[in-house]
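S.K.: Quick one: structure below, then a few questions.
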There are 2 protein chains.
Amino acid sequence: MPTNRQILLDNRPKAEATVDNFKLVSSETPALKDGQVLVRHHFLSLDPYMRGRMNDSKSYAASQPLGEVMIGGTVGEVVESKNPKYAVGDQVVGMGGWQEYSVVDAEQPGALRKVDTTHVPLSHYLGAVGMPGVTAWYGLVKIINPKAGETVVVSAATGAVGSAFGALAKARGCRAVGIAGGPEKCKYAVEELGFDACIDYRLHKDMYSLAKALKEACPNGIDGYFENVGGMILDAVLLRMNAFGRIAVCGMIAGYDGQPLPLANPALILVNRLKVEGFIVSEHMEVWPEALKELGTLVGTGKLRPRETVAQGIASAPEAFLGLLKGKNFGKQLVKLI
Amino acid sequence: MPTNRQILLDNRPKAEATVDNFKLVSSETPALKDGQVLVRHHFLSLDPYMRGRMNDSKSYAASQPLGEVMIGGTVGEVVESKNPKYAVGDQVVGMGGWQEYSVVDAEQPGALRKVDTTHVPLSHYLGAVGMPGVTAWYGLVKIINPKAGETVVVSAATGAVGSAFGALAKARGCRAVGIAGGPEKCKYAVEELGFDACIDYRLHKDMYSLAKALKEACPNGIDGYFENVGGMILDAVLLRMNAFGRIAVCGMIAGYDGQPLPLANPALILVNRLKVEGFIVSEHMEVWPEALKELGTLVGTGKLRPRETVAQGIASAPEAFLGLLKGKNFGKQLVKLI
């Protein structure tokens, strides 16, 4: 039995999360029962939603229990199988958590999915052709539902969700405008990801300044907004929304650490007859096949070339995760485990 | 030609609106042209949306021009006609404005509608069986779309919109909970309007106190909320919304006078996957016939017994309107002109 190194949630953050909230342990992987497979993880996905789960308070997902392996998406390879549907060597995506191996009851619906790496690199099944990509797809297609020619905006534009959002929006004939932190990310958004414009929010000290930049980047106003961040960015976007605009609320990472971040002017929801809708993509499994098909084609044909930031080894996961929360990553944040 | 007394918007409010923003003038009604009718107004409707139109800023409707008759819904009687479709004595509802008479181009779509007062008193066509009633209907049916057994809440529960909302919600098998100002209104909401419970927001100094009262009144949480007020009431309701709840934003009267009122915790939209949607009923004329039919039946069969506060004479309109903005009215605020 191989030794399995795991990261547990040891204690909950008081305000900002720190590396001391996590604990690295080792254990032997248990013997398989009938129907189970042993997966060796090649990559672990780090995603902002995990920060919400570290809190004890009611969040948009169940709390992560203390003393257990941190939840997380993984891609890897079957190394042992007591399930006739899976063979050693199969490449699979699942929710293996922050550890090097996982034992999976492969019959459980949604527990494991075989993937084909002919045209799509394995790691992208955690990003553009995985949960983040489907998240972008759902918000764009099911909530914003843009017409060709409309203007859509996304915050955290170079992240895994944002970059997929840009490609999906361009495929629908929209003007796609990103918001990101720093000139390098903005350059990448326009030159590599195909955004029509990208605004560096770090250049703006308040919502009025950012709203002015949005006005220049969105001369016809904003019809749809995909929210990953919250706070000042949302306040600024609201000032530029067109009548009957749609806002898909996917994340409010700006407020994860502490006191609630207020929304400056909710009356704009009425003034502009907006629809603001929060969602969690795992509650809409019915769209995954259609979304993954489109995303796989975009990646396979080179129309979506997602960037990755890869940390090495399971021990690096906590620090890489904290960096993600601060926007230190560039594109999809992964941990390489092999 | 009869003399027509009119209220003009003389100047815009600096912060709170005052009687000095208005001016009473008299003029002769002009001779009719072909196709026109002269309507003598019996009742003028006063509604919160008018406050928004007094501002110059971008609002959810065009600004009311200075020096012109204040916009407003009216019911009355045709007293002179140069239109073959209208006879002297016809009872009509229209947008006659804050004046005693109006000359109407009766061919213009939506300008005038004949009404039947056999089962529904004329004044109710400005309230329960008029724009406020349809407003409640649209928010409940098209945005909240509740299932029987769900809990829905409305602020300003004894107003023209709120009282119709309560009756419509009860007709759909919902638990209907009102929020109103003062014990008399709350008693009326439960005993006369059929609300299952009504909370006096004046007893609560902050959103946590009000949220606690909501928890008691809504033991299964809140599935739908109809927002007329904004501010602390919205903050408190958000704390008690169930997953996948719907919020119809119809008014934010709390913020009409001055600085934007922030929303304390917008992340709850994500946490509970809420849909928050602003609307203006005049943009959804397609629902009016269906809505008016149901509302007329509710009033005609006594299932909705709306209360009215009636000011006497056109000169009383400004003061009655300012009272409405402060919640001094009880039920639908009207001005009787005859």
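Residues in the structure tokens are named by chain (A, B, ... in the order shown) and by number from 1 within that chain; ligands are numbered from 1 in the order shown.
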Chain A residues within 9 Å of chain B, counting only C-alpha atoms: which ones, as an mmCIF file with N, CA, C and O atoms, in the first residue's frame?

M.R.:
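Output file iface-v3.cif is given in full below:
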data_model
loop_
_atom_site.group_PDB
_atom_site.id
_atom_site.type_symbol
_atom_site.label_atom_id
_atom_site.label_comp_id
_atom_site.auth_asym_id
_atom_site.auth_seq_id
_atom_site.Cartn_x
_atom_site.Cartn_y
_atom_site.Cartn_z
ATOM 1 N N LYS A 58 -22.792 29.412 8.271
ATOM 2 C CA LYS A 58 -23.589 28.988 7.129
ATOM 3 C C LYS A 58 -22.939 29.557 5.882
ATOM 4 O O LYS A 58 -22.757 30.763 5.765
ATOM 5 N N SER A 59 -22.570 28.713 4.972
ATOM 6 C CA SER A 59 -21.992 29.206 3.743
ATOM 7 C C SER A 59 -22.758 28.595 2.593
ATOM 8 O O SER A 59 -23.761 27.919 2.792
ATOM 9 N N TYR A 60 -22.279 28.846 1.384
ATOM 10 C CA TYR A 60 -23.017 28.338 0.240
ATOM 11 C C TYR A 60 -22.655 26.887 -0.053
ATOM 12 O O TYR A 60 -22.909 26.365 -1.111
ATOM 13 N N ALA A 61 -22.089 26.252 0.909
ATOM 14 C CA ALA A 61 -21.828 24.827 0.829
ATOM 15 C C ALA A 61 -21.591 24.391 2.255
ATOM 16 O O ALA A 61 -21.345 25.206 3.147
ATOM 17 N N GLY A 230 -16.869 40.832 -5.852
ATOM 18 C CA GLY A 230 -17.656 41.631 -4.913
ATOM 19 C C GLY A 230 -16.952 42.927 -4.527
ATOM 20 O O GLY A 230 -15.933 43.313 -5.110
ATOM 21 N N PHE A 244 -32.301 46.326 -17.751
ATOM 22 C CA PHE A 244 -32.540 44.888 -17.981
ATOM 23 C C PHE A 244 -31.249 44.077 -18.023
ATOM 24 O O PHE A 244 -31.205 43.003 -18.609
ATOM 25 N N VAL A 249 -23.962 35.934 -9.947
ATOM 26 C CA VAL A 249 -23.100 36.046 -8.777
ATOM 27 C C VAL A 249 -22.530 34.664 -8.457
ATOM 28 O O VAL A 249 -23.236 33.769 -7.997
ATOM 29 N N CYS A 250 -21.251 34.531 -8.741
ATOM 30 C CA CYS A 250 -20.571 33.245 -8.597
ATOM 31 C C CYS A 250 -19.664 33.246 -7.382
ATOM 32 O O CYS A 250 -19.474 32.225 -6.729
ATOM 33 N N GLY A 251 -19.086 34.394 -7.075
ATOM 34 C CA GLY A 251 -18.180 34.469 -5.939
ATOM 35 C C GLY A 251 -18.104 35.884 -5.419
ATOM 36 O O GLY A 251 -18.344 36.853 -6.148
ATOM 37 N N MET A 252 -17.799 35.993 -4.129
ATOM 38 C CA MET A 252 -17.559 37.325 -3.543
ATOM 39 C C MET A 252 -16.311 37.210 -2.697
ATOM 40 O O MET A 252 -16.330 37.420 -1.487
ATOM 41 N N GLY A 255 -15.017 39.373 0.266
ATOM 42 C CA GLY A 255 -15.568 39.379 1.617
ATOM 43 C C GLY A 255 -15.385 38.083 2.385
ATOM 44 O O GLY A 255 -15.965 37.922 3.450
ATOM 45 N N GLN A 259 -15.763 40.781 7.951
ATOM 46 C CA GLN A 259 -17.066 41.402 8.011
ATOM 47 C C GLN A 259 -17.692 41.443 6.614
ATOM 48 O O GLN A 259 -16.990 41.528 5.621
ATOM 49 N N PRO A 260 -19.056 41.380 6.568
ATOM 50 C CA PRO A 260 -19.713 41.497 5.265
ATOM 51 C C PRO A 260 -19.335 42.801 4.575
ATOM 52 O O PRO A 260 -19.221 43.848 5.215
ATOM 53 N N LEU A 261 -19.127 42.715 3.274
ATOM 54 C CA LEU A 261 -18.847 43.899 2.456
ATOM 55 C C LEU A 261 -20.171 44.443 1.951
ATOM 56 O O LEU A 261 -20.858 43.766 1.198
ATOM 57 N N PRO A 262 -20.530 45.656 2.308
ATOM 58 C CA PRO A 262 -21.825 46.162 1.836
ATOM 59 C C PRO A 262 -21.821 46.465 0.341
ATOM 60 O O PRO A 262 -20.767 46.646 -0.278
ATOM 61 N N LEU A 263 -23.004 46.506 -0.205
ATOM 62 C CA LEU A 263 -23.219 46.946 -1.584
ATOM 63 C C LEU A 263 -23.667 48.401 -1.488
ATOM 64 O O LEU A 263 -24.626 48.712 -0.781
ATOM 65 N N ALA A 264 -22.964 49.292 -2.203
ATOM 66 C CA ALA A 264 -23.179 50.723 -1.958
ATOM 67 C C ALA A 264 -24.578 51.189 -2.355
ATOM 68 O O ALA A 264 -25.200 51.979 -1.656
ATOM 69 N N ASN A 265 -25.075 50.721 -3.475
ATOM 70 C CA ASN A 265 -26.304 51.332 -3.989
ATOM 71 C C ASN A 265 -27.257 50.301 -4.582
ATOM 72 O O ASN A 265 -27.450 50.229 -5.796
ATOM 73 N N PRO A 266 -27.894 49.509 -3.708
ATOM 74 C CA PRO A 266 -28.791 48.457 -4.215
ATOM 75 C C PRO A 266 -29.986 49.006 -4.987
ATOM 76 O O PRO A 266 -30.592 48.266 -5.766
ATOM 77 N N ALA A 267 -30.318 50.283 -4.791
ATOM 78 C CA ALA A 267 -31.454 50.846 -5.524
ATOM 79 C C ALA A 267 -31.238 50.792 -7.035
ATOM 80 O O ALA A 267 -32.192 50.842 -7.810
ATOM 81 N N LEU A 268 -29.974 50.665 -7.462
ATOM 82 C CA LEU A 268 -29.714 50.547 -8.901
ATOM 83 C C LEU A 268 -30.320 49.271 -9.483
ATOM 84 O O LEU A 268 -30.590 49.200 -10.685
ATOM 85 N N ILE A 269 -30.530 48.263 -8.648
ATOM 86 C CA ILE A 269 -31.202 47.044 -9.126
ATOM 87 C C ILE A 269 -32.602 47.396 -9.609
ATOM 88 O O ILE A 269 -33.073 46.881 -10.627
ATOM 89 N N LEU A 270 -33.241 48.302 -8.895
ATOM 90 C CA LEU A 270 -34.575 48.756 -9.294
ATOM 91 C C LEU A 270 -34.502 49.747 -10.454
ATOM 92 O O LEU A 270 -35.190 49.595 -11.463
ATOM 93 N N VAL A 271 -33.650 50.755 -10.291
ATOM 94 C CA VAL A 271 -33.565 51.813 -11.304
ATOM 95 C C VAL A 271 -33.352 51.204 -12.699
ATOM 96 O O VAL A 271 -33.981 51.616 -13.673
ATOM 97 N N ASN A 272 -32.472 50.213 -12.765
ATOM 98 C CA ASN A 272 -32.164 49.607 -14.070
ATOM 99 C C ASN A 272 -32.830 48.256 -14.285
ATOM 100 O O ASN A 272 -32.495 47.559 -15.244
ATOM 101 N N ARG A 273 -33.752 47.911 -13.430
ATOM 102 C CA ARG A 273 -34.521 46.660 -13.579
ATOM 103 C C ARG A 273 -33.582 45.497 -13.854
ATOM 104 O O ARG A 273 -33.706 44.781 -14.860
ATOM 105 N N LEU A 274 -32.628 45.324 -12.940
ATOM 106 C CA LEU A 274 -31.632 44.266 -13.104
ATOM 107 C C LEU A 274 -32.134 42.960 -12.526
ATOM 108 O O LEU A 274 -32.998 42.940 -11.652
ATOM 109 N N LYS A 275 -31.530 41.892 -13.021
ATOM 110 C CA LYS A 275 -31.716 40.586 -12.398
ATOM 111 C C LYS A 275 -30.357 40.176 -11.834
ATOM 112 O O LYS A 275 -29.371 40.150 -12.573
ATOM 113 N N VAL A 276 -30.314 39.894 -10.550
ATOM 114 C CA VAL A 276 -29.071 39.507 -9.877
ATOM 115 C C VAL A 276 -29.293 38.110 -9.319
ATOM 116 O O VAL A 276 -30.221 37.903 -8.530
ATOM 117 N N GLU A 277 -28.474 37.160 -9.735
ATOM 118 C CA GLU A 277 -28.764 35.784 -9.349
ATOM 119 C C GLU A 277 -27.494 35.063 -8.895
ATOM 120 O O GLU A 277 -26.493 35.039 -9.609
ATOM 121 N N GLY A 278 -27.573 34.498 -7.698
ATOM 122 C CA GLY A 278 -26.475 33.689 -7.194
ATOM 123 C C GLY A 278 -26.654 32.239 -7.600
ATOM 124 O O GLY A 278 -27.781 31.770 -7.757
ATOM 125 N N PHE A 279 -25.542 31.542 -7.783
ATOM 126 C CA PHE A 279 -25.666 30.130 -8.178
ATOM 127 C C PHE A 279 -24.420 29.352 -7.768
ATOM 128 O O PHE A 279 -23.358 29.934 -7.538
ATOM 129 N N ILE A 280 -24.594 28.052 -7.674
ATOM 130 C CA ILE A 280 -23.483 27.118 -7.452
ATOM 131 C C ILE A 280 -23.593 26.062 -8.536
ATOM 132 O O ILE A 280 -24.632 25.421 -8.688
#

S.K.: Counting only C-alpha atoms, what is within 7 Å of A:Arg175, bar same-chain residues fewer than 5 positions away, as a list in words?

M.R.: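 Result of the neighbour search: Gly149, Glu150, Thr151, Val152, Lys170 and Asp196 of chain A.
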
S.K.: With only C-alpha atoms as the counted atoms, please give the residues lying no more than 9 Å from A:Leu337, apart from itself and same-chain residues fewer than 2 positions off, as a ChimeraX atom specification.

M.R.: /A:40-44,99-100,311-314,335

S.K.: Could the residues in this selection be written to a file with N, CA, C and O atoms, as a PDB file, in the first residue's frame?

M.R.:
ATOM      1  N   ARG A  40      -4.360   7.546  -8.129  1.00  0.00           N
ATOM      2  CA  ARG A  40      -3.199   8.369  -7.796  1.00  0.00           C
ATOM      3  C   ARG A  40      -3.423   9.733  -8.439  1.00  0.00           C
ATOM      4  O   ARG A  40      -3.590   9.835  -9.666  1.00  0.00           O
ATOM      5  N   HIS A  41      -3.427  10.774  -7.647  1.00  0.00           N
ATOM      6  CA  HIS A  41      -3.722  12.115  -8.157  1.00  0.00           C
ATOM      7  C   HIS A  41      -2.515  12.711  -8.853  1.00  0.00           C
ATOM      8  O   HIS A  41      -1.430  12.717  -8.296  1.00  0.00           O
ATOM      9  N   HIS A  42      -2.731  13.217 -10.051  1.00  0.00           N
ATOM     10  CA  HIS A  42      -1.675  13.948 -10.748  1.00  0.00           C
ATOM     11  C   HIS A  42      -1.744  15.439 -10.424  1.00  0.00           C
ATOM     12  O   HIS A  42      -0.724  16.091 -10.258  1.00  0.00           O
ATOM     13  N   PHE A  43      -2.953  15.954 -10.376  1.00  0.00           N
ATOM     14  CA  PHE A  43      -3.141  17.375 -10.054  1.00  0.00           C
ATOM     15  C   PHE A  43      -4.275  17.547  -9.059  1.00  0.00           C
ATOM     16  O   PHE A  43      -5.300  16.853  -9.137  1.00  0.00           O
ATOM     17  N   LEU A  44      -4.084  18.492  -8.166  1.00  0.00           N
ATOM     18  CA  LEU A  44      -5.142  18.954  -7.259  1.00  0.00           C
ATOM     19  C   LEU A  44      -5.556  20.361  -7.698  1.00  0.00           C
ATOM     20  O   LEU A  44      -4.705  21.189  -8.023  1.00  0.00           O
ATOM     21  N   GLN A  99      -4.882  15.436  -1.231  1.00  0.00           N
ATOM     22  CA  GLN A  99      -4.063  14.286  -0.855  1.00  0.00           C
ATOM     23  C   GLN A  99      -3.520  13.633  -2.126  1.00  0.00           C
ATOM     24  O   GLN A  99      -3.944  13.961  -3.237  1.00  0.00           O
ATOM     25  N   GLU A 100      -2.601  12.726  -1.939  1.00  0.00           N
ATOM     26  CA  GLU A 100      -1.915  12.141  -3.091  1.00  0.00           C
ATOM     27  C   GLU A 100      -2.672  10.973  -3.713  1.00  0.00           C
ATOM     28  O   GLU A 100      -2.535  10.690  -4.903  1.00  0.00           O
ATOM     29  N   ALA A 311       1.817  24.710  -8.520  1.00  0.00           N
ATOM     30  CA  ALA A 311       2.678  24.511  -7.341  1.00  0.00           C
ATOM     31  C   ALA A 311       3.114  23.051  -7.310  1.00  0.00           C
ATOM     32  O   ALA A 311       2.422  22.177  -7.827  1.00  0.00           O
ATOM     33  N   GLN A 312       4.271  22.798  -6.720  1.00  0.00           N
ATOM     34  CA  GLN A 312       4.830  21.436  -6.746  1.00  0.00           C
ATOM     35  C   GLN A 312       4.692  20.736  -5.398  1.00  0.00           C
ATOM     36  O   GLN A 312       5.209  21.217  -4.392  1.00  0.00           O
ATOM     37  N   GLY A 313       3.986  19.603  -5.408  1.00  0.00           N
ATOM     38  CA  GLY A 313       3.937  18.766  -4.213  1.00  0.00           C
ATOM     39  C   GLY A 313       2.827  19.145  -3.252  1.00  0.00           C
ATOM     40  O   GLY A 313       2.497  20.328  -3.085  1.00  0.00           O
ATOM     41  N   ILE A 314       2.277  18.140  -2.600  1.00  0.00           N
ATOM     42  CA  ILE A 314       1.110  18.354  -1.732  1.00  0.00           C
ATOM     43  C   ILE A 314       1.405  19.343  -0.604  1.00  0.00           C
ATOM     44  O   ILE A 314       0.526  20.113  -0.184  1.00  0.00           O
ATOM     45  N   VAL A 335      -1.996  22.159  -8.071  1.00  0.00           N
ATOM     46  CA  VAL A 335      -0.857  21.571  -7.366  1.00  0.00           C
ATOM     47  C   VAL A 335      -0.526  20.267  -8.091  1.00  0.00           C
ATOM     48  O   VAL A 335      -1.398  19.415  -8.274  1.00  0.00           O
TER      49      VAL A 335
END

S.K.: Compile the contact shell of A:Ala189 as a CSV table (one decimal) with all heavy atoms, in the first residue's frame: residues with an atom at most 10 Å away, counting only C-alpha atoms, same-chain residues fewer than 6 positions apart removed.

M.R.:
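What ended up in out04.csv:
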chain,number,residue,atom,x,y,z
A,157,ALA,N,-10.7,38.1,-14.4
A,157,ALA,CA,-10.8,37.7,-15.8
A,157,ALA,C,-9.8,36.7,-16.3
A,157,ALA,O,-10.0,35.9,-17.2
A,157,ALA,CB,-10.8,38.9,-16.8
A,158,THR,N,-8.6,36.7,-15.7
A,158,THR,CA,-7.6,35.7,-16.1
A,158,THR,C,-7.6,34.4,-15.3
A,158,THR,O,-6.8,33.5,-15.6
A,158,THR,CB,-6.2,36.3,-16.1
A,158,THR,OG1,-5.9,36.6,-14.7
A,158,THR,CG2,-6.1,37.6,-16.9
A,159,GLY,N,-8.5,34.3,-14.4
A,159,GLY,CA,-8.6,33.1,-13.6
A,159,GLY,C,-9.3,32.0,-14.4
A,159,GLY,O,-9.6,32.2,-15.6
A,162,GLY,N,-12.8,33.1,-15.3
A,162,GLY,CA,-12.9,34.3,-16.2
A,162,GLY,C,-12.4,34.0,-17.6
A,162,GLY,O,-12.9,34.5,-18.5
A,163,SER,N,-11.3,33.2,-17.7
A,163,SER,CA,-10.8,33.0,-19.0
A,163,SER,C,-11.7,32.2,-19.9
A,163,SER,O,-11.9,32.4,-21.1
A,163,SER,CB,-9.4,32.3,-19.0
A,163,SER,OG,-9.4,31.2,-18.2
A,166,GLY,N,-14.5,34.5,-21.0
A,166,GLY,CA,-14.2,35.3,-22.2
A,166,GLY,C,-14.3,34.6,-23.5
A,166,GLY,O,-14.9,35.1,-24.5
A,177,VAL,N,-15.3,42.2,-21.8
A,177,VAL,CA,-14.4,43.0,-21.1
A,177,VAL,C,-14.1,42.4,-19.8
A,177,VAL,O,-15.0,41.9,-19.0
A,177,VAL,CB,-15.0,44.4,-20.9
A,177,VAL,CG1,-14.2,45.3,-20.0
A,177,VAL,CG2,-15.3,45.1,-22.2
A,178,GLY,N,-12.8,42.3,-19.5
A,178,GLY,CA,-12.3,41.7,-18.2
A,178,GLY,C,-11.9,42.8,-17.2
A,178,GLY,O,-11.6,43.9,-17.6
A,179,ILE,N,-11.9,42.4,-16.0
A,179,ILE,CA,-11.3,43.2,-14.9
A,179,ILE,C,-10.3,42.2,-14.2
A,179,ILE,O,-10.6,41.1,-13.9
A,179,ILE,CB,-12.4,43.6,-13.9
A,179,ILE,CG1,-13.4,44.5,-14.6
A,179,ILE,CG2,-11.7,44.4,-12.7
A,179,ILE,CD1,-14.6,44.8,-13.7
A,180,ALA,N,-9.1,42.7,-14.0
A,180,ALA,CA,-8.0,41.9,-13.4
A,180,ALA,C,-7.1,42.8,-12.7
A,180,ALA,O,-7.1,44.0,-12.7
A,180,ALA,CB,-7.3,41.1,-14.5
A,183,PRO,N,-1.0,45.0,-14.7
A,183,PRO,CA,-0.8,45.1,-16.1
A,183,PRO,C,-0.5,43.8,-16.9
A,183,PRO,O,-1.0,43.6,-18.0
A,183,PRO,CB,0.3,46.1,-16.3
A,183,PRO,CG,1.1,46.1,-15.0
A,183,PRO,CD,0.1,45.7,-13.9
A,195,PHE,N,-10.1,38.9,-24.9
A,195,PHE,CA,-10.9,39.9,-24.4
A,195,PHE,C,-10.8,41.2,-25.2
A,195,PHE,O,-9.7,41.5,-25.7
A,195,PHE,CB,-10.6,40.3,-22.9
A,195,PHE,CG,-11.2,39.3,-21.9
A,195,PHE,CD1,-10.4,38.2,-21.5
A,195,PHE,CD2,-12.5,39.5,-21.4
A,195,PHE,CE1,-11.0,37.3,-20.6
A,195,PHE,CE2,-13.0,38.6,-20.5
A,195,PHE,CZ,-12.3,37.5,-20.1
A,196,ASP,N,-11.9,41.9,-25.4
A,196,ASP,CA,-11.8,43.2,-26.2
A,196,ASP,C,-11.1,44.3,-25.4
A,196,ASP,O,-10.5,45.2,-26.0
A,196,ASP,CB,-13.2,43.6,-26.6
A,196,ASP,CG,-13.9,42.6,-27.5
A,196,ASP,OD1,-13.4,42.5,-28.7
A,196,ASP,OD2,-14.8,41.9,-27.1
A,197,ALA,N,-11.2,44.2,-24.1
A,197,ALA,CA,-10.5,45.2,-23.2
A,197,ALA,C,-10.4,44.5,-21.9
A,197,ALA,O,-11.1,43.6,-21.5
A,197,ALA,CB,-11.3,46.5,-23.2
A,198,CYS,N,-9.4,45.0,-21.1
A,198,CYS,CA,-9.3,44.5,-19.7
A,198,CYS,C,-8.8,45.7,-18.8
A,198,CYS,O,-7.9,46.5,-19.2
A,198,CYS,CB,-8.3,43.4,-19.6
A,198,CYS,SG,-8.3,42.6,-18.0
A,199,ILE,N,-9.5,45.9,-17.7
A,199,ILE,CA,-9.2,47.0,-16.8
A,199,ILE,C,-8.5,46.5,-15.6
A,199,ILE,O,-8.8,45.5,-15.0
A,199,ILE,CB,-10.6,47.6,-16.3
A,199,ILE,CG1,-11.3,48.2,-17.5
A,199,ILE,CG2,-10.3,48.6,-15.2
A,199,ILE,CD1,-12.7,48.5,-17.3

S.K.: Using Å and a single decimal, report how far atom CA of B:Arg5 sits from atom CA of B:Leu24.

M.R.: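 Going from atom CA of B:Leu24 over to atom CA of B:Arg5 covers 7.0 Å.
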
S.K.: Between A:Gly300, A:Gly331, A:Pro109, A:Gly194, which residue has the minimum interatomic distance to A:Gly94, considering only C-alpha atoms?

M.R.: A:Pro109

S.K.: Figure out the distance between atom CA of B:Ala160 and atom CA of B:Val299, please, to one decimal in Å.

M.R.: 12.6 Å

S.K.: Separation of atom CA of A:Val104 and atom CA of A:Val92, in Å?

M.R.: 11.0 Å

S.K.: So that I can see what lies close to A:Arg202, please list as a VMD selection string the residues with an atom at most 6 Å from it, counting only C-alpha atoms and leaving out residues fewer than 2 positions away in the same chain.

M.R.: chain A and resid 181 200 204
